[in-house]
Amino acid sequence: MTDPDRDLPEQIMWAGRFITAKTRGKWEYVSRARGIHAAVILAIDEAADGRHVLLVDQYRVPLGRRCIELPAGLVGDEQAGEEASLAAARELEEETGYRPERLERLGDFSASPGMVSEGFTLFRAHGLTRTGAGGGVAEEDILVHRVPLDRIADHVADWRAQGYAMDVKLLLLLGAGMVA
């Protein structure tokens, strides 16, 4: 079955610096402005003390609380036409204090396709080197978590019990353990 609104013209209802509210027929949705998109980084530190995934938490105004997430950032918000892998490497180091030797592009994904046209490019970081404390740029208040990969489910359960929001992309790490 084909949606009858599919070929109707898109209308912009409101445009801001980073997002645009749109309609197409009966559908209302939001998109990123100016061709901006996101890069998300799956960073697993393969160190002598075992395999650890790098996660961040920061306060998210739309949720009204802190959220546990994979490191991520915007592509093209400061420089049009920016290469996604360069933005991903920059964001990983800014947020976590780790620089990747190489990034592997895992594909493009849609975040919440029923109401947001935004997608993201997922990267896997390889060969991590610690360069600093991370924490993001001024006023981001990002906290870095280096979590043993084999204990991720326990950590997520603890954070949820404390009232943290969980980014859906954490399902990458939890997926196999959620189906019994």
# chains A, B, ... in the order shown; residues from 1 in each chain; ligands from 1
$ residues_around --residues "A:Ala87" --least-positions-apart "5" --cutoff "9 Å" --atoms "only C-alpha atoms" --output "VMD selection string"
chain A and resid 38 to 39 73 to 76 82 92
$ select_by_dssp --residues "stretch 91-139 of chain A" --states "strand (DSSP E or B)" --output "list of chain:residue names"
A:Tyr98, A:Arg99, A:Arg102, A:Leu103, A:Glu104, A:Arg105, A:Leu106, A:Gly107, A:Asp108, A:Phe109, A:Ser110, A:Val116, A:Gly119, A:Phe120, A:Thr121, A:Leu122, A:Phe123, A:Arg124, A:Ala125, A:His126, A:Thr129, A:Arg130
$ closest_residue --among "A:Gly119, A:Gly175, A:Gly81, A:Pro148" --to "A:Arg51" --atoms "only C-alpha atoms"
A:Pro148
$ atom_distance --atom1 "atom CA of A:Arg102" --atom2 "atom CA of A:Ser85"
9.2 Å
$ residues_around --residues "A:Ala21" --least-positions-apart "2" --cutoff "10 Å" --atoms "only C-alpha atoms" --output "list in words"
Gln11, Ile12, Met13, Trp14, Ala15, Gly16, Ile19, Thr23, Glu28, Tyr29, Val30, Ser31, Arg32, Ala33 and Val116 of chain A
$ residues_around --residues "A:Glu140" --least-positions-apart "4" --cutoff "8 Å" --atoms "only C-alpha atoms" --output "list in words"
Gln58, Gly135 and Gly136 of chain A
$ write_last_selection --atoms "N, CA, C and O atoms" --output "PDB file, in the first residue's frame"
ATOM      1  N   GLN A  58      25.208  13.273  29.141  1.00  0.00           N
ATOM      2  CA  GLN A  58      25.045  14.723  29.194  1.00  0.00           C
ATOM      3  C   GLN A  58      23.569  15.049  29.368  1.00  0.00           C
ATOM      4  O   GLN A  58      22.699  14.233  29.039  1.00  0.00           O
ATOM      5  N   GLY A 135      35.097  15.345  27.664  1.00  0.00           N
ATOM      6  CA  GLY A 135      34.147  16.235  28.311  1.00  0.00           C
ATOM      7  C   GLY A 135      33.491  17.229  27.376  1.00  0.00           C
ATOM      8  O   GLY A 135      32.627  17.988  27.789  1.00  0.00           O
ATOM      9  N   GLY A 136      33.915  17.245  26.114  1.00  0.00           N
ATOM     10  CA  GLY A 136      33.295  18.137  25.143  1.00  0.00           C
ATOM     11  C   GLY A 136      33.866  19.542  25.207  1.00  0.00           C
ATOM     12  O   GLY A 136      34.867  19.798  25.864  1.00  0.00           O
TER      13      GLY A 136
END
$ residues_around --residues "A:Asp45" --least-positions-apart "5" --cutoff "10 Å" --atoms "only C-alpha atoms" --output "PDB file with all heavy atoms, in the first residue's frame"
ATOM      1  N   GLY A  50      41.282  -5.338  29.349  1.00  0.00           N
ATOM      2  CA  GLY A  50      40.066  -5.874  28.746  1.00  0.00           C
ATOM      3  C   GLY A  50      39.437  -4.920  27.750  1.00  0.00           C
ATOM      4  O   GLY A  50      39.980  -3.862  27.438  1.00  0.00           O
ATOM      5  N   ARG A  51      38.277  -5.317  27.241  1.00  0.00           N
ATOM      6  CA  ARG A  51      37.543  -4.531  26.253  1.00  0.00           C
ATOM      7  C   ARG A  51      36.541  -3.632  26.968  1.00  0.00           C
ATOM      8  O   ARG A  51      35.699  -4.108  27.727  1.00  0.00           O
ATOM      9  CB  ARG A  51      36.824  -5.457  25.278  1.00  0.00           C
ATOM     10  CG  ARG A  51      37.784  -6.362  24.520  1.00  0.00           C
ATOM     11  CD  ARG A  51      37.057  -7.324  23.618  1.00  0.00           C
ATOM     12  NE  ARG A  51      36.657  -6.582  22.424  1.00  0.00           N
ATOM     13  CZ  ARG A  51      35.553  -6.829  21.731  1.00  0.00           C
ATOM     14  NH1 ARG A  51      34.720  -7.758  22.096  1.00  0.00           N
ATOM     15  NH2 ARG A  51      35.272  -6.109  20.661  1.00  0.00           N
ATOM     16  N   HIS A  52      36.628  -2.338  26.681  1.00  0.00           N
ATOM     17  CA  HIS A  52      35.750  -1.344  27.302  1.00  0.00           C
ATOM     18  C   HIS A  52      35.113  -0.497  26.213  1.00  0.00           C
ATOM     19  O   HIS A  52      35.791  -0.068  25.279  1.00  0.00           O
ATOM     20  CB  HIS A  52      36.537  -0.433  28.244  1.00  0.00           C
ATOM     21  CG  HIS A  52      37.082  -1.129  29.432  1.00  0.00           C
ATOM     22  ND1 HIS A  52      38.201  -1.918  29.393  1.00  0.00           N
ATOM     23  CD2 HIS A  52      36.655  -1.141  30.713  1.00  0.00           C
ATOM     24  CE1 HIS A  52      38.443  -2.403  30.601  1.00  0.00           C
ATOM     25  NE2 HIS A  52      37.519  -1.944  31.424  1.00  0.00           N
ATOM     26  N   VAL A  53      33.828  -0.222  26.360  1.00  0.00           N
ATOM     27  CA  VAL A  53      33.148   0.676  25.437  1.00  0.00           C
ATOM     28  C   VAL A  53      33.137   2.072  26.048  1.00  0.00           C
ATOM     29  O   VAL A  53      32.996   2.232  27.263  1.00  0.00           O
ATOM     30  CB  VAL A  53      31.712   0.196  25.110  1.00  0.00           C
ATOM     31  CG1 VAL A  53      30.827   0.188  26.341  1.00  0.00           C
ATOM     32  CG2 VAL A  53      31.100   1.016  23.992  1.00  0.00           C
ATOM     33  N   LEU A  54      33.333   3.066  25.194  1.00  0.00           N
ATOM     34  CA  LEU A  54      33.299   4.453  25.639  1.00  0.00           C
ATOM     35  C   LEU A  54      31.899   5.006  25.451  1.00  0.00           C
ATOM     36  O   LEU A  54      31.357   4.992  24.342  1.00  0.00           O
ATOM     37  CB  LEU A  54      34.300   5.302  24.846  1.00  0.00           C
ATOM     38  CG  LEU A  54      35.751   4.867  24.946  1.00  0.00           C
ATOM     39  CD1 LEU A  54      36.621   5.758  24.070  1.00  0.00           C
ATOM     40  CD2 LEU A  54      36.238   4.866  26.384  1.00  0.00           C
ATOM     41  N   TYR A  98      39.671  10.383  23.505  1.00  0.00           N
ATOM     42  CA  TYR A  98      40.335   9.306  22.768  1.00  0.00           C
ATOM     43  C   TYR A  98      40.362   9.647  21.275  1.00  0.00           C
ATOM     44  O   TYR A  98      39.337  10.053  20.703  1.00  0.00           O
ATOM     45  CB  TYR A  98      39.606   7.973  22.946  1.00  0.00           C
ATOM     46  CG  TYR A  98      39.828   7.331  24.289  1.00  0.00           C
ATOM     47  CD1 TYR A  98      39.102   7.743  25.405  1.00  0.00           C
ATOM     48  CD2 TYR A  98      40.752   6.306  24.454  1.00  0.00           C
ATOM     49  CE1 TYR A  98      39.290   7.154  26.645  1.00  0.00           C
ATOM     50  CE2 TYR A  98      40.950   5.705  25.691  1.00  0.00           C
ATOM     51  CZ  TYR A  98      40.217   6.135  26.775  1.00  0.00           C
ATOM     52  OH  TYR A  98      40.409   5.544  28.010  1.00  0.00           O
ATOM     53  N   PRO A 100      40.971   8.118  17.453  1.00  0.00           N
ATOM     54  CA  PRO A 100      41.019   6.844  16.728  1.00  0.00           C
ATOM     55  C   PRO A 100      42.163   6.833  15.708  1.00  0.00           C
ATOM     56  O   PRO A 100      42.453   7.844  15.072  1.00  0.00           O
ATOM     57  CB  PRO A 100      39.674   6.799  16.024  1.00  0.00           C
ATOM     58  CG  PRO A 100      39.363   8.237  15.748  1.00  0.00           C
ATOM     59  CD  PRO A 100      39.926   9.001  16.925  1.00  0.00           C
ATOM     60  N   ALA A 125      35.310   2.929  15.762  1.00  0.00           N
ATOM     61  CA  ALA A 125      36.652   3.464  15.963  1.00  0.00           C
ATOM     62  C   ALA A 125      37.610   2.331  16.287  1.00  0.00           C
ATOM     63  O   ALA A 125      37.298   1.457  17.095  1.00  0.00           O
ATOM     64  CB  ALA A 125      36.633   4.487  17.096  1.00  0.00           C
ATOM     65  N   HIS A 126      38.773   2.355  15.652  1.00  0.00           N
ATOM     66  CA  HIS A 126      39.814   1.347  15.882  1.00  0.00           C
ATOM     67  C   HIS A 126      41.093   2.049  16.327  1.00  0.00           C
ATOM     68  O   HIS A 126      41.375   3.169  15.915  1.00  0.00           O
ATOM     69  CB  HIS A 126      40.100   0.572  14.586  1.00  0.00           C
ATOM     70  CG  HIS A 126      38.941  -0.217  14.090  1.00  0.00           C
ATOM     71  ND1 HIS A 126      38.660  -1.490  14.525  1.00  0.00           N
ATOM     72  CD2 HIS A 126      37.985   0.094  13.175  1.00  0.00           C
ATOM     73  CE1 HIS A 126      37.575  -1.935  13.898  1.00  0.00           C
ATOM     74  NE2 HIS A 126      37.144  -0.988  13.077  1.00  0.00           N
ATOM     75  N   GLY A 127      41.903   1.350  17.122  1.00  0.00           N
ATOM     76  CA  GLY A 127      43.198   1.866  17.525  1.00  0.00           C
ATOM     77  C   GLY A 127      43.117   3.129  18.349  1.00  0.00           C
ATOM     78  O   GLY A 127      43.677   4.158  17.985  1.00  0.00           O
ATOM     79  N   LEU A 128      42.428   3.065  19.471  1.00  0.00           N
ATOM     80  CA  LEU A 128      42.224   4.253  20.300  1.00  0.00           C
ATOM     81  C   LEU A 128      43.474   4.632  21.098  1.00  0.00           C
ATOM     82  O   LEU A 128      44.151   3.770  21.650  1.00  0.00           O
ATOM     83  CB  LEU A 128      41.066   4.021  21.264  1.00  0.00           C
ATOM     84  CG  LEU A 128      39.716   3.740  20.625  1.00  0.00           C
ATOM     85  CD1 LEU A 128      38.683   3.420  21.698  1.00  0.00           C
ATOM     86  CD2 LEU A 128      39.277   4.904  19.773  1.00  0.00           C
ATOM     87  N   THR A 129      43.745   5.931  21.145  1.00  0.00           N
ATOM     88  CA  THR A 129      44.826   6.490  21.952  1.00  0.00           C
ATOM     89  C   THR A 129      44.247   7.575  22.833  1.00  0.00           C
ATOM     90  O   THR A 129      43.574   8.482  22.345  1.00  0.00           O
ATOM     91  CB  THR A 129      45.927   7.103  21.051  1.00  0.00           C
ATOM     92  OG1 THR A 129      46.440   6.090  20.192  1.00  0.00           O
ATOM     93  CG2 THR A 129      47.049   7.690  21.890  1.00  0.00           C
ATOM     94  N   ARG A 130      44.516   7.491  24.118  1.00  0.00           N
ATOM     95  CA  ARG A 130      44.018   8.501  25.063  1.00  0.00           C
ATOM     96  C   ARG A 130      44.843   9.771  24.908  1.00  0.00           C
ATOM     97  O   ARG A 130      46.066   9.738  24.991  1.00  0.00           O
ATOM     98  CB  ARG A 130      44.117   7.970  26.493  1.00  0.00           C
ATOM     99  CG  ARG A 130      43.578   8.909  27.537  1.00  0.00           C
ATOM    100  CD  ARG A 130      42.211   8.471  27.962  1.00  0.00           C
ATOM    101  NE  ARG A 130      41.543   9.477  28.751  1.00  0.00           N
ATOM    102  CZ  ARG A 130      41.179   9.307  29.998  1.00  0.00           C
ATOM    103  NH1 ARG A 130      41.428   8.183  30.620  1.00  0.00           N
ATOM    104  NH2 ARG A 130      40.535  10.262  30.622  1.00  0.00           N
ATOM    105  N   ARG A 146      33.964   4.675  30.733  1.00  0.00           N
ATOM    106  CA  ARG A 146      34.690   3.579  30.081  1.00  0.00           C
ATOM    107  C   ARG A 146      34.206   2.311  30.771  1.00  0.00           C
ATOM    108  O   ARG A 146      34.582   2.023  31.907  1.00  0.00           O
ATOM    109  CB  ARG A 146      36.192   3.785  30.246  1.00  0.00           C
ATOM    110  CG  ARG A 146      37.042   2.790  29.515  1.00  0.00           C
ATOM    111  CD  ARG A 146      38.530   3.185  29.641  1.00  0.00           C
ATOM    112  NE  ARG A 146      39.380   2.165  29.068  1.00  0.00           N
ATOM    113  CZ  ARG A 146      39.904   1.151  29.753  1.00  0.00           C
ATOM    114  NH1 ARG A 146      39.657   1.018  31.058  1.00  0.00           N
ATOM    115  NH2 ARG A 146      40.669   0.268  29.149  1.00  0.00           N
ATOM    116  N   VAL A 147      33.325   1.585  30.092  1.00  0.00           N
ATOM    117  CA  VAL A 147      32.582   0.489  30.708  1.00  0.00           C
ATOM    118  C   VAL A 147      33.054  -0.852  30.156  1.00  0.00           C
ATOM    119  O   VAL A 147      33.129  -1.026  28.932  1.00  0.00           O
ATOM    120  CB  VAL A 147      31.064   0.660  30.413  1.00  0.00           C
ATOM    121  CG1 VAL A 147      30.267  -0.469  31.027  1.00  0.00           C
ATOM    122  CG2 VAL A 147      30.581   2.008  30.921  1.00  0.00           C
ATOM    123  N   PRO A 148      33.345  -1.816  31.040  1.00  0.00           N
ATOM    124  CA  PRO A 148      33.701  -3.148  30.542  1.00  0.00           C
ATOM    125  C   PRO A 148      32.570  -3.681  29.654  1.00  0.00           C
ATOM    126  O   PRO A 148      31.399  -3.669  30.051  1.00  0.00           O
ATOM    127  CB  PRO A 148      33.841  -3.986  31.813  1.00  0.00           C
ATOM    128  CG  PRO A 148      34.088  -2.990  32.907  1.00  0.00           C
ATOM    129  CD  PRO A 148      33.337  -1.754  32.497  1.00  0.00           C
ATOM    130  N   LEU A 149      32.933  -4.097  28.472  1.00  0.00           N
ATOM    131  CA  LEU A 149      31.926  -4.528  27.504  1.00  0.00           C
ATOM    132  C   LEU A 149      31.066  -5.676  28.033  1.00  0.00           C
ATOM    133  O   LEU A 149      29.858  -5.706  27.797  1.00  0.00           O
ATOM    134  CB  LEU A 149      32.607  -4.928  26.191  1.00  0.00           C
ATOM    135  CG  LEU A 149      31.751  -4.974  24.957  1.00  0.00           C
ATOM    136  CD1 LEU A 149      30.959  -3.696  24.757  1.00  0.00           C
ATOM    137  CD2 LEU A 149      32.607  -5.247  23.736  1.00  0.00           C
TER     138      LEU A 149
END
$ residues_around --residues "A:Asp3" --least-positions-apart "5" --cutoff "12 Å" --atoms "only C-alpha atoms" --output "VMD selection string"
chain A and resid 8 24 to 27
$ write_last_selection --atoms "C-alpha atoms" --output "CSV table (one decimal), in the first residue's frame"
chain,number,residue,atom,x,y,z
A,8,LEU,CA,2.5,15.9,-2.0
A,24,ARG,CA,3.6,16.8,3.9
A,25,GLY,CA,-0.1,16.2,3.7
A,26,LYS,CA,-1.2,14.9,7.1
A,27,TRP,CA,2.3,14.2,8.2
$ residues_around --residues "A:Ile68" --least-positions-apart "5" --cutoff "8 Å" --atoms "only C-alpha atoms" --output "list in words"
Leu55, Val56, Asp57, Gln58, Tyr164, Ala165, Met166 and Asp167 of chain A
$ select_by_dssp --residues "chain A" --states "alpha helix (DSSP H)" --output "JSON, numbers by chain"
{"A": [84, 85, 86, 87, 88, 89, 90, 91, 92, 93, 94, 95, 96, 152, 153, 154, 155, 156, 157, 158, 159, 160, 161, 171, 172, 173, 174, 175, 176, 177, 178]}
$ write_last_selection --atoms "N, CA, C and O atoms" --output "tab-separated table (two decimals), in the first residue's frame"
chain	number	residue	atom	x	y	z
A	84	ALA	N	32.13	13.19	6.90
A	84	ALA	CA	31.58	12.60	8.12
A	84	ALA	C	32.66	11.94	8.98
A	84	ALA	O	32.62	12.04	10.22
A	85	SER	N	33.63	11.29	8.37
A	85	SER	CA	34.66	10.61	9.16
A	85	SER	C	35.55	11.61	9.91
A	85	SER	O	35.98	11.33	11.03
A	86	LEU	N	35.79	12.77	9.32
A	86	LEU	CA	36.58	13.80	10.01
A	86	LEU	C	35.82	14.35	11.21
A	86	LEU	O	36.38	14.56	12.29
A	87	ALA	N	34.52	14.57	11.02
A	87	ALA	CA	33.69	15.04	12.13
A	87	ALA	C	33.62	13.99	13.23
A	87	ALA	O	33.69	14.31	14.42
A	88	ALA	N	33.51	12.71	12.85
A	88	ALA	CA	33.43	11.64	13.83
A	88	ALA	C	34.71	11.56	14.67
A	88	ALA	O	34.65	11.44	15.89
A	89	ALA	N	35.86	11.66	14.02
A	89	ALA	CA	37.13	11.62	14.74
A	89	ALA	C	37.25	12.81	15.69
A	89	ALA	O	37.66	12.66	16.85
A	90	ARG	N	36.87	13.99	15.21
A	90	ARG	CA	36.93	15.20	16.04
A	90	ARG	C	36.01	15.07	17.25
A	90	ARG	O	36.38	15.35	18.39
A	91	GLU	N	34.77	14.64	17.01
A	91	GLU	CA	33.79	14.53	18.09
A	91	GLU	C	34.19	13.47	19.11
A	91	GLU	O	34.01	13.67	20.32
A	92	LEU	N	34.75	12.35	18.65
A	92	LEU	CA	35.17	11.31	19.59
A	92	LEU	C	36.24	11.86	20.53
A	92	LEU	O	36.17	11.68	21.75
A	93	GLU	N	37.21	12.57	19.97
A	93	GLU	CA	38.28	13.11	20.82
A	93	GLU	C	37.77	14.21	21.74
A	93	GLU	O	38.12	14.26	22.92
A	94	GLU	N	36.90	15.10	21.23
A	94	GLU	CA	36.34	16.17	22.07
A	94	GLU	C	35.54	15.60	23.23
A	94	GLU	O	35.67	16.04	24.37
A	95	GLU	N	34.70	14.62	22.93
A	95	GLU	CA	33.79	14.11	23.95
A	95	GLU	C	34.44	13.14	24.93
A	95	GLU	O	34.11	13.15	26.10
A	96	THR	N	35.33	12.27	24.42
A	96	THR	CA	35.86	11.20	25.27
A	96	THR	C	37.33	11.34	25.62
A	96	THR	O	37.80	10.66	26.54
A	152	ILE	N	28.10	-4.29	30.30
A	152	ILE	CA	27.30	-3.16	29.80
A	152	ILE	C	25.85	-3.25	30.28
A	152	ILE	O	25.26	-2.26	30.69
A	153	ALA	N	25.26	-4.43	30.25
A	153	ALA	CA	23.86	-4.58	30.67
A	153	ALA	C	23.67	-4.18	32.12
A	153	ALA	O	22.68	-3.53	32.47
A	154	ASP	N	24.62	-4.56	32.98
A	154	ASP	CA	24.54	-4.18	34.40
A	154	ASP	C	24.61	-2.67	34.57
A	154	ASP	O	23.86	-2.08	35.36
A	155	HIS	N	25.52	-2.04	33.86
A	155	HIS	CA	25.67	-0.58	33.96
A	155	HIS	C	24.41	0.13	33.47
A	155	HIS	O	23.94	1.08	34.10
A	156	VAL	N	23.87	-0.33	32.35
A	156	VAL	CA	22.64	0.29	31.82
A	156	VAL	C	21.50	0.14	32.83
A	156	VAL	O	20.76	1.09	33.09
A	157	ALA	N	21.36	-1.04	33.41
A	157	ALA	CA	20.31	-1.25	34.41
A	157	ALA	C	20.49	-0.31	35.61
A	157	ALA	O	19.52	0.28	36.09
A	158	ASP	N	21.73	-0.14	36.06
A	158	ASP	CA	22.00	0.77	37.17
A	158	ASP	C	21.65	2.21	36.81
A	158	ASP	O	21.02	2.92	37.60
A	159	TRP	N	22.08	2.65	35.62
A	159	TRP	CA	21.77	4.02	35.19
A	159	TRP	C	20.26	4.24	35.07
A	159	TRP	O	19.74	5.28	35.47
A	160	ARG	N	19.57	3.27	34.51
A	160	ARG	CA	18.11	3.40	34.38
A	160	ARG	C	17.47	3.52	35.76
A	160	ARG	O	16.56	4.33	35.95
A	161	ALA	N	17.94	2.73	36.72
A	161	ALA	CA	17.39	2.79	38.08
A	161	ALA	C	17.65	4.16	38.72
A	161	ALA	O	16.87	4.61	39.56
A	171	LEU	N	21.19	0.00	22.02
A	171	LEU	CA	20.72	-1.34	21.65
A	171	LEU	C	21.77	-2.10	20.85
A	171	LEU	O	21.75	-3.33	20.82
A	172	LEU	N	22.69	-1.37	20.20
A	172	LEU	CA	23.82	-2.03	19.53
A	172	LEU	C	24.59	-2.92	20.48
A	172	LEU	O	25.07	-3.99	20.12
A	173	LEU	N	24.72	-2.46	21.71
A	173	LEU	CA	25.48	-3.18	22.72
A	173	LEU	C	24.64	-4.16	23.52
A	173	LEU	O	25.15	-5.12	24.06
A	174	LEU	N	23.36	-3.92	23.60
A	174	LEU	CA	22.48	-4.72	24.44
A	174	LEU	C	21.69	-5.76	23.66
A	174	LEU	O	21.21	-6.72	24.26
A	175	GLY	N	21.52	-5.57	22.37
A	175	GLY	CA	20.63	-6.38	21.55
A	175	GLY	C	20.61	-7.87	21.84
A	175	GLY	O	19.57	-8.43	22.13
A	176	ALA	N	21.76	-8.50	21.77
A	176	ALA	CA	21.80	-9.96	21.94
A	176	ALA	C	21.34	-10.36	23.34
A	176	ALA	O	20.72	-11.41	23.51
A	177	GLY	N	21.64	-9.56	24.34
A	177	GLY	CA	21.27	-9.89	25.71
A	177	GLY	C	19.82	-9.60	26.06
A	177	GLY	O	19.36	-9.97	27.11
A	178	MET	N	19.09	-8.91	25.16
A	178	MET	CA	17.73	-8.55	25.47
A	178	MET	C	16.72	-9.60	25.02
A	178	MET	O	15.55	-9.54	25.37
$ closest_residue --among "A:Ala80, A:Phe109, A:Tyr59, A:Arg17" --to "A:Glu139" --atoms "only C-alpha atoms"
A:Tyr59
$ closest_residue --among "A:Ile142, A:Leu42, A:Cys67, A:Ala47" --to "A:Gly163" --atoms "only C-alpha atoms"
A:Cys67
$ closest_residue --among "A:Lys22, A:Glu10, A:Val40, A:Leu106" --to "A:Glu69" --atoms "only C-alpha atoms"
A:Val40
$ closest_residue --among "A:Leu70, A:Pro62, A:Leu170, A:Glu118" --to "A:His37" --atoms "only C-alpha atoms"
A:Glu118
$ closest_residue --among "A:Met115, A:Ala138, A:Leu122, A:Ala133" --to "A:Ala43" --atoms "only C-alpha atoms"
A:Leu122
$ atom_distance --atom1 "atom CA of A:Leu143" --atom2 "atom CA of A:Arg60"
12.8 Å
$ atom_distance --atom1 "atom CA of A:Phe120" --atom2 "atom CA of A:Ala72"
9.2 Å
